[in-house]
$ cat target38.txt   # compact mmCIF, C-alpha atoms
# COMPACT_ATOMS: atom_id res chain seq x y z
CA MET F 1 -10.26 -55.13 -53.39
CA SER F 2 -12.88 -53.22 -55.33
CA SER F 3 -13.13 -50.57 -52.61
CA ILE F 4 -9.39 -49.96 -52.81
CA SER F 5 -9.63 -49.58 -56.58
CA LYS F 6 -12.42 -47.01 -56.27
CA GLU F 7 -10.64 -45.02 -53.62
CA THR F 8 -7.35 -44.96 -55.50
CA PHE F 9 -8.42 -44.51 -59.07
CA GLY F 10 -11.65 -42.54 -58.91
CA THR F 11 -15.34 -43.27 -58.51
CA PRO F 12 -16.62 -45.19 -61.55
CA ASN F 13 -20.25 -44.11 -61.09
CA ARG F 14 -19.29 -40.43 -61.31
CA LYS F 15 -19.63 -39.21 -64.90
CA ASP F 16 -18.44 -35.80 -66.09
CA LYS F 17 -19.33 -34.10 -69.32
CA PRO F 18 -16.68 -34.43 -72.04
CA TYR F 19 -14.20 -31.54 -71.94
CA GLN F 20 -15.61 -30.20 -68.68
CA HIS F 21 -13.37 -27.45 -67.19
CA GLN F 22 -11.61 -27.18 -70.56
CA LYS F 23 -10.51 -23.56 -70.08
CA HIS F 24 -8.93 -24.26 -66.70
CA ASN F 25 -7.36 -27.49 -67.94
CA PHE F 26 -6.05 -25.83 -71.10
CA ARG F 27 -4.19 -23.24 -69.02
CA VAL F 28 -2.81 -25.76 -66.53
CA ALA F 29 -1.70 -28.16 -69.25
CA LEU F 30 -0.08 -25.32 -71.17
CA VAL F 31 1.99 -24.20 -68.18
CA GLN F 32 2.98 -27.80 -67.50
CA GLY F 33 3.97 -28.31 -71.14
CA VAL F 34 6.15 -25.20 -71.14
CA LEU F 35 7.93 -26.32 -67.98
CA ILE F 36 8.53 -29.77 -69.48
CA ARG F 37 10.04 -28.16 -72.57
CA ILE F 38 12.29 -26.08 -70.30
CA SER F 39 13.42 -29.19 -68.42
CA LEU F 40 14.27 -30.91 -71.72
CA ALA F 41 16.22 -27.86 -72.94
CA PHE F 42 18.79 -28.12 -70.15
CA ALA F 43 19.63 -31.71 -71.15
CA GLU F 44 18.71 -31.89 -74.85
CA PRO F 45 20.00 -35.28 -76.09
CA THR F 46 21.21 -34.29 -79.57
CA THR F 47 23.18 -31.27 -78.40
CA ILE F 48 23.86 -31.04 -74.64
CA LEU F 49 24.02 -34.74 -73.80
CA SER F 50 25.77 -35.87 -76.98
CA VAL F 51 28.52 -33.25 -76.53
CA PHE F 52 28.78 -34.18 -72.82
CA ILE F 53 29.31 -37.86 -73.65
CA LYS F 54 31.71 -37.00 -76.48
CA GLN F 55 33.82 -34.81 -74.18
CA LEU F 56 33.73 -37.44 -71.47
CA THR F 57 34.54 -40.57 -73.50
CA GLN F 58 35.46 -39.66 -77.12
CA ASN F 59 33.33 -42.70 -78.02
CA ASP F 60 30.97 -42.48 -81.00
CA LEU F 61 29.18 -45.65 -79.90
CA LEU F 62 28.13 -43.97 -76.65
CA VAL F 63 27.19 -40.80 -78.53
CA GLY F 64 24.85 -42.91 -80.67
CA LEU F 65 23.52 -44.58 -77.53
CA THR F 66 22.70 -41.15 -76.12
CA GLY F 67 20.45 -40.54 -79.11
CA SER F 68 18.68 -43.87 -78.56
CA VAL F 69 18.26 -43.95 -74.80
CA MET F 70 15.53 -41.33 -74.48
CA THR F 71 13.33 -42.74 -77.24
CA ALA F 72 13.88 -46.37 -76.23
CA GLY F 73 13.23 -45.77 -72.54
CA TRP F 74 10.14 -43.70 -73.33
CA MET F 75 8.64 -46.42 -75.53
CA LEU F 76 9.51 -49.54 -73.54
CA PRO F 77 6.90 -49.51 -70.72
CA GLN F 78 3.93 -48.17 -72.67
CA LEU F 79 2.31 -51.44 -73.76
CA LEU F 80 2.19 -52.74 -70.18
CA ILE F 81 1.09 -49.39 -68.79
CA SER F 82 -1.76 -49.17 -71.31
CA ASN F 83 -3.17 -52.44 -69.98
CA LEU F 84 -2.90 -51.22 -66.39
CA ILE F 85 -4.62 -47.88 -66.85
CA GLU F 86 -7.21 -48.40 -69.58
CA HIS F 87 -9.99 -49.65 -67.30
CA HIS F 88 -9.45 -47.02 -64.57
CA PRO F 89 -11.52 -43.82 -64.73
CA ARG F 90 -8.68 -41.77 -63.25
CA LYS F 91 -5.24 -41.82 -64.84
CA MET F 92 -3.56 -39.23 -62.63
CA PRO F 93 -2.07 -41.70 -60.09
CA TYR F 94 0.03 -43.27 -62.84
CA TYR F 95 1.23 -39.86 -63.94
CA VAL F 96 2.32 -39.22 -60.34
CA VAL F 97 4.34 -42.46 -60.23
CA GLY F 98 6.09 -41.74 -63.52
CA MET F 99 6.98 -38.13 -62.76
CA THR F 100 8.20 -38.94 -59.25
CA CYS F 101 10.66 -41.47 -60.68
CA ARG F 102 11.71 -39.04 -63.40
CA VAL F 103 12.55 -36.23 -60.97
CA LEU F 104 14.43 -38.64 -58.72
CA ALA F 105 16.49 -40.00 -61.63
CA TRP F 106 17.56 -36.54 -62.76
CA SER F 107 18.52 -35.54 -59.23
CA LEU F 108 20.79 -38.61 -59.12
CA ILE F 109 22.31 -37.76 -62.52
CA CYS F 110 23.07 -34.26 -61.24
CA GLY F 111 24.65 -35.62 -58.07
CA ALA F 112 26.75 -38.21 -59.92
CA THR F 113 28.05 -35.65 -62.43
CA PHE F 114 29.03 -33.32 -59.59
CA LEU F 115 30.63 -35.93 -57.32
CA ILE F 116 32.37 -38.38 -59.66
CA SER F 117 35.81 -37.32 -60.90
CA VAL F 118 36.37 -36.88 -64.63
CA ASP F 119 39.24 -39.36 -64.25
CA GLN F 120 36.55 -42.02 -63.82
CA SER F 121 34.94 -41.12 -67.13
CA SER F 122 33.68 -44.63 -67.94
CA LEU F 123 31.99 -44.92 -64.55
CA LEU F 124 30.36 -41.51 -64.85
CA ALA F 125 29.18 -42.18 -68.42
CA GLY F 126 27.74 -45.56 -67.41
CA ILE F 127 25.87 -44.16 -64.41
CA ALA F 128 24.61 -41.12 -66.33
CA LEU F 129 23.29 -43.16 -69.27
CA THR F 130 21.70 -45.78 -66.99
CA LEU F 131 19.90 -43.14 -64.96
CA TYR F 132 18.95 -41.32 -68.17
CA PHE F 133 17.34 -44.53 -69.40
CA LEU F 134 15.41 -44.82 -66.12
CA SER F 135 14.31 -41.20 -66.43
CA SER F 136 13.14 -41.81 -69.98
CA SER F 137 11.26 -44.97 -68.92
CA SER F 138 9.58 -42.96 -66.18
CA MET F 139 8.54 -40.44 -68.82
CA GLY F 140 7.07 -43.35 -70.78
CA ILE F 141 5.04 -44.34 -67.72
CA SER F 142 3.65 -40.82 -67.35
CA THR F 143 3.04 -40.22 -71.06
CA LEU F 144 -0.01 -42.45 -71.52
CA PRO F 145 -1.97 -41.07 -68.55
CA TYR F 146 -0.91 -37.57 -69.63
CA MET F 147 -2.17 -38.11 -73.18
CA ASP F 148 -5.45 -39.60 -71.94
CA ILE F 149 -6.05 -36.70 -69.56
CA ILE F 150 -5.25 -34.19 -72.32
CA SER F 151 -7.62 -35.92 -74.75
CA LYS F 152 -10.43 -35.81 -72.16
CA SER F 153 -9.72 -32.20 -71.29
CA ILE F 154 -9.19 -30.58 -74.70
CA PRO F 155 -11.61 -31.12 -77.61
CA PRO F 156 -10.27 -32.27 -80.99
CA ASP F 157 -10.68 -28.90 -82.68
CA ARG F 158 -8.41 -27.25 -80.06
CA ARG F 159 -5.69 -29.92 -79.80
CA ALA F 160 -3.51 -28.63 -82.63
CA ARG F 161 -3.81 -25.14 -81.08
CA PHE F 162 -2.84 -26.51 -77.66
CA PHE F 163 0.24 -28.42 -78.85
CA SER F 164 1.23 -25.47 -81.02
CA TRP F 165 1.09 -23.01 -78.10
CA ARG F 166 2.87 -25.56 -75.92
CA GLN F 167 5.71 -25.73 -78.42
CA LEU F 168 5.69 -21.99 -79.11
CA LEU F 169 6.16 -20.91 -75.50
CA GLY F 170 8.37 -23.85 -74.60
CA ARG F 171 10.74 -23.27 -77.52
CA PHE F 172 10.85 -19.53 -76.74
CA PHE F 173 12.24 -20.27 -73.30
CA GLU F 174 14.46 -22.95 -74.82
CA PHE F 175 15.94 -20.28 -77.09
CA LEU F 176 16.69 -18.03 -74.12
CA ILE F 177 18.19 -20.93 -72.19
CA GLY F 178 20.37 -22.09 -75.07
CA TYR F 179 21.59 -18.69 -76.22
CA PHE F 180 22.24 -17.06 -72.86
CA LEU F 181 22.63 -19.76 -70.20
CA VAL F 182 23.85 -22.99 -71.84
CA SER F 183 26.43 -21.31 -74.07
CA TYR F 184 27.70 -19.34 -71.04
CA VAL F 185 27.83 -22.29 -68.63
CA LEU F 186 29.59 -24.59 -71.13
CA ASP F 187 32.24 -21.94 -71.83
CA SER F 188 34.49 -22.57 -68.83
CA LYS F 189 36.59 -19.48 -69.51
CA ARG F 190 33.59 -17.18 -69.13
CA SER F 191 31.61 -19.00 -66.44
CA GLY F 192 34.51 -20.33 -64.38
CA ILE F 193 32.63 -23.64 -64.00
CA MET F 194 34.88 -26.48 -65.09
CA PHE F 195 33.91 -29.71 -66.84
CA PRO F 196 31.91 -31.75 -65.79
CA HIS F 197 30.47 -29.49 -63.07
CA ASN F 198 29.05 -27.19 -65.74
CA TYR F 199 26.92 -30.08 -66.97
CA ALA F 200 25.96 -30.94 -63.39
CA PHE F 201 24.55 -27.42 -63.09
CA LEU F 202 22.45 -27.91 -66.23
CA PHE F 203 21.19 -31.29 -65.00
CA GLY F 204 20.20 -29.67 -61.72
CA CYS F 205 18.14 -27.13 -63.69
CA THR F 206 16.44 -30.05 -65.47
CA THR F 207 15.53 -31.57 -62.11
CA VAL F 208 14.01 -28.38 -60.73
CA SER F 209 11.96 -27.52 -63.83
CA ALA F 210 10.66 -31.11 -64.11
CA LEU F 211 9.59 -30.95 -60.47
CA PHE F 212 7.64 -27.73 -61.05
CA ALA F 213 6.00 -29.23 -64.16
CA PHE F 214 4.92 -32.21 -62.06
CA LEU F 215 3.43 -30.05 -59.32
CA VAL F 216 1.57 -27.82 -61.79
CA PHE F 217 -0.11 -30.73 -63.58
CA LEU F 218 -1.53 -31.98 -60.28
CA ARG F 219 -3.87 -28.98 -60.42
CA ILE F 220 -5.65 -30.22 -63.54
CA ARG F 221 -9.28 -31.32 -63.11
CA GLU F 222 -9.33 -34.73 -64.72
CA PRO F 223 -12.76 -35.53 -66.27
CA ILE F 224 -14.22 -38.89 -65.29
CA LEU F 225 -15.65 -40.53 -68.42
CA PRO F 226 -16.91 -44.06 -69.18
CA VAL F 227 -14.18 -46.69 -69.48
CA ARG F 228 -13.98 -50.42 -69.99
CA THR F 229 -14.84 -52.00 -66.68
CA ASP F 230 -12.73 -55.14 -67.11
CA GLN F 231 -8.98 -55.53 -67.29
CA LEU F 232 -7.86 -57.89 -70.01
CA SER F 233 -5.22 -60.52 -69.33
CA LEU F 234 -1.79 -59.62 -70.65
CA ILE F 235 -2.12 -62.19 -73.45
CA ASP F 236 -5.49 -60.83 -74.57
CA HIS F 237 -4.14 -57.31 -74.33
CA LEU F 238 -1.18 -58.19 -76.53
CA ARG F 239 -3.54 -59.73 -79.09
CA GLN F 240 -5.31 -56.41 -79.54
CA GLY F 241 -2.27 -54.83 -81.18
CA PRO F 242 -2.05 -57.06 -84.28
CA GLN F 243 -5.84 -56.82 -84.63
CA ILE F 244 -5.66 -53.01 -84.65
CA ILE F 245 -2.94 -53.08 -87.32
CA LYS F 246 -4.97 -55.54 -89.40
CA THR F 247 -8.30 -53.70 -89.22
CA ASP F 248 -7.34 -50.01 -89.04
CA PRO F 249 -5.59 -48.72 -92.20
CA HIS F 250 -5.14 -45.22 -90.70
CA TYR F 251 -3.23 -46.67 -87.76
CA ARG F 252 -1.16 -48.88 -90.05
CA ARG F 253 -0.11 -46.03 -92.36
CA PHE F 254 0.73 -43.75 -89.45
CA LEU F 255 2.88 -46.50 -87.94
CA MET F 256 4.87 -46.90 -91.17
CA PHE F 257 5.33 -43.14 -91.43
CA ARG F 258 6.81 -43.06 -87.93
CA VAL F 259 9.13 -45.99 -88.72
CA CYS F 260 10.58 -44.03 -91.63
CA GLY F 261 10.97 -41.02 -89.34
CA HIS F 262 13.12 -43.07 -86.96
CA PHE F 263 15.55 -43.95 -89.76
CA VAL F 264 15.88 -40.23 -90.49
CA GLY F 265 17.23 -39.94 -86.92
CA ILE F 266 20.17 -42.31 -87.43
CA SER F 267 22.55 -39.35 -87.70
CA THR F 268 20.81 -36.85 -85.40
CA PRO F 269 23.15 -37.25 -82.37
CA PHE F 270 26.18 -36.68 -84.59
CA TYR F 271 25.35 -33.27 -86.04
CA ALA F 272 26.84 -31.37 -83.07
CA THR F 273 29.92 -33.59 -82.74
CA HIS F 274 30.42 -33.44 -86.54
CA ALA F 275 30.50 -29.65 -86.28
CA LEU F 276 33.24 -29.90 -83.64
CA ASP F 277 35.26 -32.06 -86.05
CA ILE F 278 34.95 -30.06 -89.28
CA LEU F 279 34.37 -26.41 -88.38
CA PRO F 280 37.39 -24.28 -87.46
CA ASP F 281 37.73 -22.70 -84.00
CA VAL F 282 34.59 -24.33 -82.55
CA SER F 283 34.26 -25.13 -78.83
CA PRO F 284 31.69 -27.27 -76.98
CA SER F 285 29.79 -24.10 -76.08
CA ILE F 286 28.50 -24.14 -79.68
CA ALA F 287 25.94 -26.67 -78.42
CA GLY F 288 24.14 -23.81 -76.68
CA HIS F 289 23.96 -21.81 -79.91
CA PHE F 290 22.72 -24.85 -81.83
CA LEU F 291 20.03 -25.37 -79.18
CA ALA F 292 19.05 -21.70 -79.35
CA THR F 293 18.85 -21.78 -83.15
CA ALA F 294 16.55 -24.80 -83.18
CA ALA F 295 14.41 -23.24 -80.47
CA PHE F 296 14.15 -19.88 -82.27
CA THR F 297 13.05 -21.37 -85.58
CA GLY F 298 10.72 -23.65 -83.64
CA VAL F 299 9.09 -20.63 -82.02
CA ILE F 300 8.55 -18.91 -85.37
CA SER F 301 7.28 -22.09 -87.03
CA ASN F 302 4.52 -22.61 -84.47
CA PHE F 303 2.43 -19.86 -86.02
CA PHE F 304 2.70 -21.71 -89.31
CA TRP F 305 1.90 -25.14 -87.81
CA ARG F 306 -1.13 -23.81 -85.95
CA TYR F 307 -2.49 -22.13 -89.08
CA LEU F 308 -1.80 -25.21 -91.19
CA GLY F 309 -3.49 -27.58 -88.72
CA GLU F 310 -6.59 -25.44 -88.24
CA ARG F 311 -6.93 -24.52 -91.92
CA PHE F 312 -6.00 -27.79 -93.66
CA GLY F 313 -5.98 -30.45 -90.93
CA THR F 314 -3.32 -32.42 -89.06
CA ARG F 315 -2.44 -34.48 -92.15
CA SER F 316 -1.03 -31.37 -93.82
CA ILE F 317 1.36 -30.85 -90.88
CA LEU F 318 2.71 -34.37 -91.28
CA ILE F 319 3.17 -33.95 -95.04
CA VAL F 320 5.21 -30.76 -94.67
CA THR F 321 7.19 -32.28 -91.81
CA GLY F 322 7.99 -35.33 -93.92
CA GLY F 323 9.29 -33.06 -96.65
CA LEU F 324 11.58 -31.22 -94.21
CA PHE F 325 13.15 -34.42 -92.85
CA CYS F 326 15.61 -34.76 -95.73
CA LEU F 327 17.08 -31.23 -95.55
CA PRO F 328 19.33 -31.27 -92.40
CA PRO F 329 21.44 -34.24 -93.56
CA LEU F 330 21.76 -32.65 -96.99
CA VAL F 331 23.12 -29.48 -95.38
CA ALA F 332 25.58 -31.49 -93.28
CA ILE F 333 26.86 -33.38 -96.32
CA THR F 334 27.42 -30.26 -98.41
CA THR F 335 28.98 -28.00 -95.75
CA LEU F 336 32.60 -28.69 -96.74
CA LEU F 337 31.81 -27.87 -100.36
CA LEU F 338 31.52 -24.19 -99.40
CA PRO F 339 34.34 -21.72 -98.73
CA SER F 340 35.54 -21.99 -95.13
CA LYS F 341 34.23 -18.55 -94.15
CA LEU F 342 30.67 -19.60 -95.08
CA GLN F 343 30.70 -23.03 -93.47
CA MET F 344 29.78 -21.98 -89.93
CA GLY F 345 26.70 -19.98 -90.90
CA TYR F 346 25.61 -22.62 -93.40
CA TYR F 347 25.88 -25.42 -90.82
CA PHE F 348 23.46 -23.60 -88.56
CA LEU F 349 20.78 -24.45 -91.16
CA VAL F 350 20.92 -28.01 -89.81
CA TYR F 351 19.46 -26.79 -86.53
CA ALA F 352 17.28 -24.08 -88.05
CA ILE F 353 15.45 -26.64 -90.18
CA SER F 354 15.49 -29.25 -87.42
CA GLY F 355 13.79 -26.78 -85.07
CA ILE F 356 10.99 -26.26 -87.58
CA SER F 357 10.49 -29.96 -88.30
CA THR F 358 10.73 -30.96 -84.63
CA ASN F 359 7.86 -28.66 -83.77
CA GLY F 360 5.90 -30.08 -86.70
CA VAL F 361 6.53 -33.56 -85.33
CA MET F 362 5.39 -32.62 -81.82
CA VAL F 363 2.22 -30.88 -83.00
CA GLY F 364 1.38 -33.29 -85.80
CA PHE F 365 2.25 -36.62 -84.18
CA MET F 366 0.47 -35.96 -80.90
CA THR F 367 -2.63 -34.50 -82.50
CA TYR F 368 -2.92 -37.22 -85.15
CA ALA F 369 -2.36 -40.01 -82.59
CA LEU F 370 -5.15 -38.67 -80.38
CA ASN F 371 -7.48 -38.10 -83.32
CA ILE F 372 -7.29 -41.64 -84.74
CA ALA F 373 -7.61 -43.40 -81.37
CA PRO F 374 -11.08 -44.42 -80.09
CA SER F 375 -11.62 -42.96 -76.62
CA GLN F 376 -12.01 -46.20 -74.66
CA ASN F 377 -9.02 -47.83 -76.38
CA ARG F 378 -6.81 -44.74 -76.51
CA PRO F 379 -4.07 -45.99 -74.14
CA THR F 380 -3.83 -49.28 -76.07
CA TYR F 381 -3.73 -47.54 -79.46
CA ILE F 382 -0.94 -45.19 -78.42
CA GLY F 383 0.93 -47.60 -76.15
CA PHE F 384 1.02 -50.45 -78.66
CA MET F 385 2.30 -48.19 -81.43
CA ASN F 386 5.07 -46.78 -79.27
CA THR F 387 6.05 -50.27 -78.10
CA LEU F 388 6.22 -51.52 -81.69
CA LEU F 389 8.55 -48.63 -82.45
CA PHE F 390 10.85 -49.53 -79.53
CA PRO F 391 13.44 -51.44 -81.65
CA PHE F 392 13.71 -48.48 -84.03
CA ALA F 393 14.73 -46.25 -81.14
CA PHE F 394 18.17 -47.89 -81.39
CA VAL F 395 18.75 -46.70 -84.94
CA PRO F 396 21.15 -43.92 -83.72
CA LEU F 397 23.00 -46.56 -81.67
CA VAL F 398 23.42 -48.64 -84.82
CA GLY F 399 24.81 -45.54 -86.50
CA GLY F 400 27.31 -45.02 -83.67
CA ALA F 401 28.34 -48.68 -83.68
CA THR F 402 28.85 -48.55 -87.44
CA LEU F 403 31.14 -45.56 -87.14
CA LYS F 404 33.13 -47.11 -84.30
CA PHE F 405 33.64 -50.61 -85.70
CA PHE F 406 33.50 -49.99 -89.45
CA GLY F 407 34.92 -46.49 -89.59
CA ASP F 408 37.45 -47.50 -92.26
CA TRP F 409 34.61 -48.13 -94.72
CA VAL F 410 31.68 -46.09 -93.40
CA THR F 411 31.91 -42.35 -92.76
CA ILE F 412 29.53 -39.92 -91.10
CA ASN F 413 28.48 -38.76 -94.56
CA HIS F 414 27.13 -42.24 -95.27
CA LEU F 415 24.86 -41.88 -92.22
CA PHE F 416 23.76 -38.46 -93.42
CA GLY F 417 22.98 -39.99 -96.81
CA LEU F 418 20.83 -42.68 -95.21
CA SER F 419 18.96 -39.99 -93.27
CA PHE F 420 18.38 -38.10 -96.51
CA ILE F 421 16.94 -41.14 -98.30
CA SER F 422 14.75 -41.98 -95.28
CA GLY F 423 13.43 -38.41 -95.32
CA ILE F 424 12.34 -38.76 -98.94
CA ILE F 425 10.57 -42.05 -98.15
CA SER F 426 8.88 -40.41 -95.13
CA PHE F 427 7.49 -37.69 -97.35
CA PHE F 428 5.90 -40.17 -99.74
CA MET F 429 4.54 -42.17 -96.78
CA SER F 430 2.91 -39.01 -95.39
CA LEU F 431 0.97 -38.57 -98.64
CA ARG F 432 -0.86 -41.83 -97.91
CA LEU F 433 -2.25 -40.57 -94.60
CA GLU F 434 -5.88 -39.44 -94.37
CA GLU F 435 -7.53 -36.86 -92.15
CA ILE F 436 -9.66 -38.60 -89.54
CA ILE F 437 -11.05 -37.60 -86.13
CA ARG F 438 -12.71 -40.19 -83.92
CA GLY F 439 -14.99 -38.76 -81.25
CA GLU F 440 -15.79 -39.93 -77.74
CA ASP F 441 -18.59 -42.18 -79.06
CA ASP F 442 -16.42 -44.05 -81.61
$ encode --input "target38.txt" --output "C-alpha cells"
Amino acid sequence: MSSISKETFGTPNRKDKPYQHQKHNFRVALVQGVLIRISLAFAEPTTILSVFIKQLTQNDLLVGLTGSVMTAGWMLPQLLISNLIEHHPRKMPYYVVGMTCRVLAWSLICGATFLISVDQSSLLAGIALTLYFLSSSSMGISTLPYMDIISKSIPPDRRARFFSWRQLLGRFFEFLIGYFLVSYVLDSKRSGIMFPHNYAFLFGCTTVSALFAFLVFLRIREPILPVRTDQLSLIDHLRQGPQIIKTDPHYRRFLMFRVCGHFVGISTPFYATHALDILPDVSPSIAGHFLATAAFTGVISNFFWRYLGERFGTRSILIVTGGLFCLPPLVAITTLLLPSKLQMGYYFLVYAISGISTNGVMVGFMTYALNIAPSQNRPTYIGFMNTLLFPFAFVPLVGGATLKFFGDWVTINHLFGLSFISGIISFFMSLRLEEIIRGEDD
C-alpha cells in the first residue's frame, strides 16, 4: 500500500527548496488563471445564468438558486478533501480529478441545452442546475490542491501581484467576451441563434476554455515540501476546525468578515433580472453589457489593488472592499428616483462597482487566506473555513424563496436594503483584521 501511495502522490524523501521554479510556475499559473476567468465569463452566474434561468422558467426561486449553486457546490467537498490531501507531498492528482469532472459536467450542460426542447423548460432547468452543482463541486475538489500548489510556488510577497495580474488579464478578456460576443449571441435578431441554443453555444465555450486551463496547469512544476506523514481519522480531522477557531483570532475574524460578505450577496442574482423589469426597452442581451462593464472596471481596478496590497498590505484591500460592498444595492434602490432617461446609465454603476469589489475580493481573500494559514495545515485551514461557510452559500436562494412565497409583503428593494446593511457591517468587520504572514516554518 505504501508503494502505491509513493508512486501516485510523489516521493516523500524528495525535498525541493521553497518556491523553486517560481518564475516558470508564475507564468504557467497566470495563463491557467486567465483561462479559468475566461471559462467563467461565458457562464457568469449573476448575469448569464440568472438571465438564462429567468427566461426559461420565470421563477425567482430558481434564479436565487442559481446564485447559490456555484458557491455551495464549491464549498461542500473541501473539508473532506483537505483531510485526503494534507499528508500527500503531491497535490496535483487531486486537481486532475476535480478538473476532469468539471469539464465533463460543462460538456453535458452544453449538450442538454442544445438537445432539450424549450417546451420542456422544467426538465432543462433541473438538469442544468444539477450539472452546474456537480461542476461547482468539482471546482471545490480542485481548489484546495490548486491553492496549496500556488502557495508552494509563489512566495508571500508576490501573491498579491499574482492574483492581481490573474484578475487583470482575465477580466480584460471577460470584457471583450461580454461586450462583443455574449451581447451578440444573446441578441437572436443579430446572431440568428435562437433561445436556448445561444446559451448552449456559450456553455460550449466554457467547456473548451476550462479544458485548456486544465491542460496548461499540468505543466506546473509542483515543489515537494515536508508534509504531515500521518492521515488523521475523519473525527480527529473534524476536531481541528473548532480548535483553530478557538485558538487563532486572525482566522476567527476573517471567518466573520466572510460571513457578512455572504449576506451582501443575497440580492446579487437579481440585479440583472431587476433591470429587465424596471428599465424601458431592455432585452436579455443587456447581460453581456453588464458582464463587460464589470470586467472593464475590474481590469482598471487591478492596478489599484496591486498597489494597495504591495504598499499597505492585504488587510487594506479587504477594508476597501468591505466599504464598496454597500454601494451596488444602494444604486439599485435609488434608480427609479431618477428621470427615466438617466436610469439606464445610472444602473450600470451596479456592475461598475461590483467589478471593482469582485476583483478586490479575489485578490484580497485568496492572498489573506494563504498568508494566515500555516504551511503544513494549509488545506485544513482553508477547507474548514469554506465548509463552515457552506450554509451561507444559500443566502441568495433564501432571497429568491422570499420573493416567490412572500412577494406580497417583501419586495426586491427589501433584499437590496439587507445587502446594504450587510455591506456596512462587513466594512466594520474588516477594520478588526490584522496583517499577518505565516511562513513555511510556522
$ residues_around --input "target38.txt" --residues "region 282-284 of chain F" --least-positions-apart "6" --cutoff "7 Å" --atoms "all atoms listed in the file" --output "ChimeraX atom specification"
/F:51,186,276
$ closest_residue --input "target38.txt" --among "F:His197, F:Arg432, F:Arg239, F:His24" --to "Val185 (chain F)" --atoms "only C-alpha atoms"
F:His197
$ closest_residue --input "target38.txt" --among "F:Ala393, F:Leu388, F:Met256, F:Ile317" --to "Thr358 (chain F)" --atoms "all atoms listed in the file"
F:Ile317
$ atom_distance --input "target38.txt" --atom1 "CA of Leu79 (chain F)" --atom2 "CA of His262 (chain F)"
19.0 Å
$ atom_distance --input "target38.txt" --atom1 "CA of Leu181 (chain F)" --atom2 "CA of Gly288 (chain F)"
7.8 Å
$ closest_residue --input "target38.txt" --among "F:Ser301, F:Thr367, F:Asn377, F:Asn359" --to "Gly313 (chain F)" --atoms "all atoms listed in the file"
F:Thr367
$ residues_near_point --input "target38.txt" --point "(1.5, -20.8, -73.3)" --cutoff "8 Å" --atoms "all atoms listed in the file" --output "list in words"
Arg27, Leu30, Val31, Val34, Trp165, Arg166, Leu168, Leu169 and Gly170 of chain F
$ closest_atom_pairs --input "target38.txt" --of "region 118-164 of chain F" --to "region 60-74 of chain F" --cutoff "12 Å" --atoms "all atoms listed in the file" --output "JSON lines"
{"residue": "F:Ser122", "atom": "CA", "partner": "F:Leu62", "partner_atom": "CA", "distance": 10.3}
{"residue": "F:Ala125", "atom": "CA", "partner": "F:Leu62", "partner_atom": "CA", "distance": 8.5}
{"residue": "F:Gly126", "atom": "CA", "partner": "F:Leu62", "partner_atom": "CA", "distance": 9.4}
{"residue": "F:Ala128", "atom": "CA", "partner": "F:Thr66", "partner_atom": "CA", "distance": 10.0}
{"residue": "F:Leu129", "atom": "CA", "partner": "F:Thr66", "partner_atom": "CA", "distance": 7.2}
{"residue": "F:Thr130", "atom": "CA", "partner": "F:Val69", "partner_atom": "CA", "distance": 8.7}
{"residue": "F:Leu131", "atom": "CA", "partner": "F:Val69", "partner_atom": "CA", "distance": 10.0}
{"residue": "F:Tyr132", "atom": "CA", "partner": "F:Val69", "partner_atom": "CA", "distance": 7.2}
{"residue": "F:Phe133", "atom": "CA", "partner": "F:Gly73", "partner_atom": "CA", "distance": 5.3}
{"residue": "F:Leu134", "atom": "CA", "partner": "F:Gly73", "partner_atom": "CA", "distance": 6.8}
{"residue": "F:Ser135", "atom": "CA", "partner": "F:Gly73", "partner_atom": "CA", "distance": 7.7}
{"residue": "F:Ser136", "atom": "CA", "partner": "F:Gly73", "partner_atom": "CA", "distance": 4.7}
{"residue": "F:Ser137", "atom": "CA", "partner": "F:Gly73", "partner_atom": "CA", "distance": 4.2}
{"residue": "F:Ser138", "atom": "CA", "partner": "F:Trp74", "partner_atom": "CA", "distance": 7.2}
{"residue": "F:Met139", "atom": "CA", "partner": "F:Trp74", "partner_atom": "CA", "distance": 5.8}
{"residue": "F:Gly140", "atom": "CA", "partner": "F:Trp74", "partner_atom": "CA", "distance": 4.0}
{"residue": "F:Ile141", "atom": "CA", "partner": "F:Trp74", "partner_atom": "CA", "distance": 7.6}
{"residue": "F:Ser142", "atom": "CA", "partner": "F:Trp74", "partner_atom": "CA", "distance": 9.3}
{"residue": "F:Thr143", "atom": "CA", "partner": "F:Trp74", "partner_atom": "CA", "distance": 8.2}
{"residue": "F:Leu144", "atom": "CA", "partner": "F:Trp74", "partner_atom": "CA", "distance": 10.4}
$ residues_near_point --input "target38.txt" --point "(-1.5, -24.1, -70.8)" --cutoff "12 Å" --atoms "all atoms listed in the file" --output "PyMOL selection string"
chain F and resi 22-36+150+153-154+158-159+161-170+213+216-217+219-220
$ residues_around --input "target38.txt" --residues "Phe290 (chain F)" --least-positions-apart "4" --cutoff "7 Å" --atoms "all atoms listed in the file" --output "PDB file with C-alpha atoms, keeping the file's coordinate frame"
ATOM      1  CA  ILE F 286      28.500 -24.140 -79.680  1.00  0.00           C
ATOM      2  CA  ALA F 294      16.550 -24.800 -83.180  1.00  0.00           C
ATOM      3  CA  PHE F 348      23.460 -23.600 -88.560  1.00  0.00           C
ATOM      4  CA  TYR F 351      19.460 -26.790 -86.530  1.00  0.00           C
TER       5      TYR F 351
END
$ residues_around --input "target38.txt" --residues "region 104-109 of chain F" --least-positions-apart "2" --cutoff "8 Å" --atoms "all atoms listed in the file" --output "list in words"
Thr100, Cys101, Arg102, Gly111, Ala112, Thr113, Ile127, Ala128, Leu131, Tyr132, Leu134, Ser135, Ala200, Phe203, Gly204, Thr206 and Thr207 of chain F
$ decode --input "target38.txt" --residues "region 210-221 of chain F" --atoms "C-alpha atoms" --output "compact mmCIF listing (two decimals), in the first residue's frame"
# COMPACT_ATOMS: atom_id res chain seq x y z
CA ALA F 210 -11.88 25.11 -18.92
CA LEU F 211 -10.26 22.20 -20.76
CA PHE F 212 -7.37 24.39 -21.92
CA ALA F 213 -6.93 25.77 -18.40
CA PHE F 214 -6.72 22.21 -17.10
CA LEU F 215 -4.11 21.18 -19.65
CA VAL F 216 -1.98 24.28 -19.05
CA PHE F 217 -1.81 23.78 -15.28
CA LEU F 218 -0.46 20.26 -15.78
CA ARG F 219 2.79 21.92 -16.90
CA ILE F 220 3.44 23.46 -13.49
CA ARG F 221 6.43 22.08 -11.55
